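> Before anything else, here's the structure in question.
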Amino acid sequence: MSGIVLLLLAQAASAVDLNVDDRPLVYRVALQETPSRGIAVGYPNQFNYVLDSVSLTPLYIWTGGFLNLDGELKGRGGNPCSIRGARIELNLLRSPLRFGDASREPEDTVFTGYRRKGREAPVFQAEIDGHQVAMRLWSEAKNQVTIEYELAEDRKKGVYFSTAGFTKEAVTPGEGVTWLADDSALTLPVGKRSFRVTLDLTGRKGLMMKKQKITGELLYMQYCSACHSLNGLKMIGPSFKGLWGKTEKVLVKGQSHELVVDAEYIKRSVIDPQHDIVAGYALVPMPSFKAILSAEEVELLIAFIKQGKGQKK
Amino acid sequence: MKTEFRFQVARILGRHLFWAWTVAVLLPTARAEPAAMVKNEKEGKIYVALPNGYSFVYNTKKFHVESMWQGGAEQRPEHARNLAIQSNPWQQNLRSLEGEWLGAELAGDEVVFRYAMSGKDGRVEIRERISINQQGVVLSFSLVHPKQAFNMNYRMRQSSYRLVETTGQKRGRGHVQYIHLGQTDYQITMYFQEGGDHFPAGYTLEPITLPKLPKGYLFEPAGLDFDADGTLYVSTRTAGVWTYKKGVWKQFADGLYDALGLRVRKDGIYVMQKPELTRLVDEDGDGVAERYETVASNFRFAGSYHEFAYGPRYDSQGNAYFSLNLSAGVGHKISKSEGIQMLTPLGFRGFVMKLSANGELSPYAHGFRSPAGIGINKKDELFITDNQGDWVPSSYLIHVRPGGFHGHPASLLDTPKYGGGETLNSKTVYDIPKKVPEIKESDFRPLRLPPTVWLPHEEYANSPGNPEFCETSKFGPFEGQMFIAELTKESILRVQLQRVGGAYQGTVFPFLRPLPSGGFRLRFSPNGELYVGQLSRGWGNGKTGLHKLSWDGKTMPFEMKSVTLTTKGFDIRMTLPLAPGAKLKPSQVLMSSFRYNYWKLYGSERIDKTIIEPDNIRLSEDRQTIHLSLPLKAGFLYAIELVDVVAEDGKNLVNRTCCYTLNQLVKEDTK
């Protein structure tokens, strides 16, 4: 039995991480706090970003590993996956590339897909108000993001990139690109098809996302339910039903004691399960969860056991 | 223990792991003998051998019978049939009650198991008796309720080939049985189809070795198609698209989002992902796609687990069709009542969409719940299989009619009558409407088009995959019919259609079972072999897999080839003639009719069930058609089972059952 328990733990502990090798990856999957049609891009240089395909808007970046796919590959799948780094929001306006009016969001953007080849940066394509646009985004230096747009036809007039979300100092316009009089947007050179803008993210705080909305119930299901019931049923370990505040007979180093189940006791049981063993449960020793559960997660578990007295509402 | 009841009781104490096996071997052969009971206190299990030669194990810690087997207790329980009952099956509002074991006694020629179930509203004392015979297992409960009885249900697990009937409330999910409030005598009857392998003669199933993926990754074949050279393209849930040629796998595309279907076209590989239909193009001929072109995405995908997209299928004009699953967790409920209901975030969930050859996306038909199977035949007729749930009382096959409403009302919110139907664009595709109009049941009930062929729940299908059309003579005598893979039942079904009054109806037959794991996708190769894609982890059982099913080209399997409705009854056409002089007795043709509730609850039991004895059974002159005469009623399903029917060449009938969906009566017999 303990073999099975340990196997389950081993499974829970091994994460399925997607790493970028020598060529960029483009990956579509449910991501935390990301629109359903978001697309993740990872580069060999550990720079990654997510683009909202619907409006061709880059949303956020991170550096480090690419994706953790546990949400999609474990269990039934379909849970949000997570990025493996601190998320830095770009805070650009929706559809920053605009035609005719820098302050007006395009009427319609039709995302037409992407192209990837070998080590080249993936190119995303859309029709923005009828204009065919290709976009690439990459990073060559820390805290710097470069976006390059390419139009299908020579630009005549009125093509803008809204820099809202960035101070003027943080924006380095590419060759031939100029500021509008009110500094709200860049305007692009007549007769050109492609242009760049580099954005500086220095000083922006990255946000580490929790892998999943972790709840006490979730932790219980994942780590405890194989041995501890919620309904009073005697399994490998004592039931959590009515556990909180209960007086338990425990064995400490072979000596019988009585104690009242409280936060301290549960914490000790999770970290050092052999310290006190409830009478009658010595047969299958519980493994320590010290290296598996964080202090915060132990607190969530305690709250779960306390709040419902183990019983779900 | 009480010798006056003349019961033979053995007490066996076993400690090693194969205890159950030992007991079974040591148990007396109980033929004309009365029942025998062996208790193992430590395991909490009671082994019972019934006088009629059946045996079972009862788990006193889980409060249910675990498994049964036939032929007395000398058979090893490894061969036993698991009855798939939930651990402590007694629940209040779908949550287990607290059980208290009271004991088991021999009484009459049965064993009575006594226990009590307690919840917040009181304690119920239950006595359970179990009888087993050729047809199945009957659990009989006597309940003593508290003064204020509360709602109780008995929960079973999904299982293969089990059909459940109860004397309780006729409602609800197939495996959750509800008792009437305060009901004191309650019975659950589990009928089994024959166990064992049902492989038609002449067919071979060969496994195909899957590509090796890094640890943690899964290869789940969810879409299959071939190119003109015979290269197999496989789309997967999470591992992109792969090609398979001459035993070599190569990844063609990656990073795709639940790619549950694909089609090989001249201008690229079209793959259906959750958010869109995508064209994959290998521009430089290196066997890897460079271009991922979005072909259709103007439908809502709110991001919930169940918002799968299935397809695409192409008609002869180059129009594409794909189907969109309703949502669970995001969107609007149709009925205000409690219970499990699929939702719609609007934006054409529950629809079949049509992408015309010139690129225009429009709603094509609606009323679908979980339309996981889509197929189109050479005549450009589009078919969908839908999965049992709310408003879909049992899974079924639908011939999709343009503009038709096919059953689940959630999709109605996207029709003009309810203010819907507007094409989405980049500005609206993420915005789920906050308020929706109320839908009246009386408004849509008459609009529902009946299913073309029901695939009765538990007996035939719980989660059907795509219909695949047999348009080859290389796969046995079934050209013109279709095959459907089944996830939960690990089987392949066969469907034959009949056109009556301008619409299709027809018959479902079991074809092959068991597959090594749950079947999901079928596709014929250019050589007439049927490829089977199998999924696991919560969809199907067992491991994912890919198999090739082929016919040897000469062995004629003995099957019911077709069942045709006539003005008088049914004509069953066999694949082989019966022996000269063969006659069929009434006891060899077992028939019943039934139908289902169309309602918001999750699934329905069979209702209005009638046992039918045909007025006349006649074998044709060529001894290959069985003519049945019986009273017929439209709107019913007719279940037929043939018993001990043997072909002239000595083959036994392997698949003995079928079910005909009678939507319309035949006015005139075709000659």
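Ordering of the structure tokens sets the chain letters (A, B, ...), residue numbers begin anew at 1 in every chain, and ligands are numbered from 1 in the order given.
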Based on only C-alpha atoms, which of the residues in chain B come within 9 Å of chain A? I want them as a ChimeraX atom specification.

/B:61,96-99,215-218,238,254-258,275-276,278-279,289-297,301-306,425-427,429-430,536-539

> Compile the contact shell of segment 431-446 of chain B as a ChimeraX atom specification: residues with an atom at most 9 Å away, counting only C-alpha atoms, same-chain residues fewer than 4 positions apart removed.

/B:300,302,331-332,334-335,345-347,405,407,409-410,412-413,418-419,427,598

> Would you save the residues of that selection, restricted to N, CA and C atoms, as a short mmCIF file (atom, residue, chain, number, x, y, z; two decimals), in the first residue's frame?


data_model
loop_
_atom_site.label_atom_id
_atom_site.label_comp_id
_atom_site.auth_asym_id
_atom_site.auth_seq_id
_atom_site.Cartn_x
_atom_site.Cartn_y
_atom_site.Cartn_z
N ARG B 300 -17.51 31.41 -30.90
CA ARG B 300 -16.99 31.71 -29.56
C ARG B 300 -16.32 30.48 -28.96
N ALA B 302 -14.95 30.14 -25.25
CA ALA B 302 -14.78 30.86 -23.99
C ALA B 302 -13.69 30.24 -23.13
N GLY B 331 -20.99 30.21 -19.36
CA GLY B 331 -22.12 30.48 -20.23
C GLY B 331 -23.44 30.41 -19.51
N HIS B 332 -24.49 30.29 -20.30
CA HIS B 332 -25.85 30.38 -19.77
C HIS B 332 -26.54 29.03 -19.71
N ILE B 334 -30.07 26.88 -19.68
CA ILE B 334 -31.34 27.04 -20.36
C ILE B 334 -32.50 26.89 -19.38
N SER B 335 -32.38 25.91 -18.49
CA SER B 335 -33.45 25.72 -17.51
C SER B 335 -32.95 26.27 -16.18
N PRO B 345 -22.00 29.86 -24.02
CA PRO B 345 -21.55 31.24 -23.94
C PRO B 345 -22.03 32.01 -25.18
N LEU B 346 -22.92 31.40 -25.95
CA LEU B 346 -23.35 31.84 -27.27
C LEU B 346 -22.18 31.87 -28.25
N GLY B 347 -22.46 32.32 -29.47
CA GLY B 347 -21.40 32.29 -30.46
C GLY B 347 -21.30 30.94 -31.13
N PHE B 405 -33.15 21.78 -36.09
CA PHE B 405 -32.93 21.80 -34.65
C PHE B 405 -32.94 20.34 -34.18
N GLY B 407 -32.11 18.92 -31.06
CA GLY B 407 -32.38 18.40 -29.72
C GLY B 407 -32.01 19.25 -28.53
N PRO B 409 -31.54 22.45 -26.45
CA PRO B 409 -32.06 23.81 -26.66
C PRO B 409 -31.06 24.94 -26.44
N ALA B 410 -29.88 24.68 -25.85
CA ALA B 410 -28.95 25.79 -25.57
C ALA B 410 -28.61 26.57 -26.84
N LEU B 412 -30.44 27.38 -29.18
CA LEU B 412 -31.50 28.28 -29.66
C LEU B 412 -31.16 29.75 -29.42
N LEU B 413 -30.37 30.01 -28.38
CA LEU B 413 -30.02 31.40 -28.06
C LEU B 413 -29.24 32.06 -29.19
N TYR B 418 -34.32 34.31 -30.89
CA TYR B 418 -33.91 34.74 -29.55
C TYR B 418 -32.87 35.84 -29.62
N GLY B 419 -32.82 36.51 -30.74
CA GLY B 419 -31.93 37.66 -30.87
C GLY B 419 -30.50 37.32 -31.20
N LYS B 427 -14.03 42.07 -32.42
CA LYS B 427 -14.46 42.90 -31.30
C LYS B 427 -15.46 42.17 -30.42
N TYR B 598 -37.60 12.93 -23.39
CA TYR B 598 -36.82 14.07 -23.91
C TYR B 598 -36.96 15.15 -22.86
#

> Excluding Leu497 of chain B and any residue of its chain fewer than 4 positions from it, enumerate the residues within 8 Å of it, using only C-alpha atoms, and give them as a PyMOL selection string.

chain B and resi 481+504-507

> Only C-alpha atoms, please: the residues just picked out, written as an mmCIF file, in the first residue's frame.


data_model
loop_
_atom_site.group_PDB
_atom_site.id
_atom_site.type_symbol
_atom_site.label_atom_id
_atom_site.label_comp_id
_atom_site.auth_asym_id
_atom_site.auth_seq_id
_atom_site.Cartn_x
_atom_site.Cartn_y
_atom_site.Cartn_z
ATOM 1 C CA GLN B 481 -23.078 1.017 -44.137
ATOM 2 C CA TYR B 504 -33.391 8.156 -42.789
ATOM 3 C CA GLN B 505 -33.895 5.802 -39.893
ATOM 4 C CA GLY B 506 -32.177 2.523 -39.285
ATOM 5 C CA THR B 507 -30.453 -0.067 -37.198
#

> Which residue out of A:Arg98, A:Lys168, A:Arg196, A:Lys142 has the minimum interatomic distance to Ile61 of chain A when only C-alpha atoms are used?

A:Lys142

> Separation of atom CA of Ser473 of chain B and atom CA of Lys554 of chain B, in Å?

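Pair atom CA of Ser473 of chain B / atom CA of Lys554 of chain B returns 11.2 Å.
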
> Please provide as a PyMOL selection string all residues within 6 Å of Leu493 of chain B, with the sequence filter that same-chain residues fewer than 6 positions apart are discarded (counting only C-alpha atoms).

chain B and resi 483-484+509-511
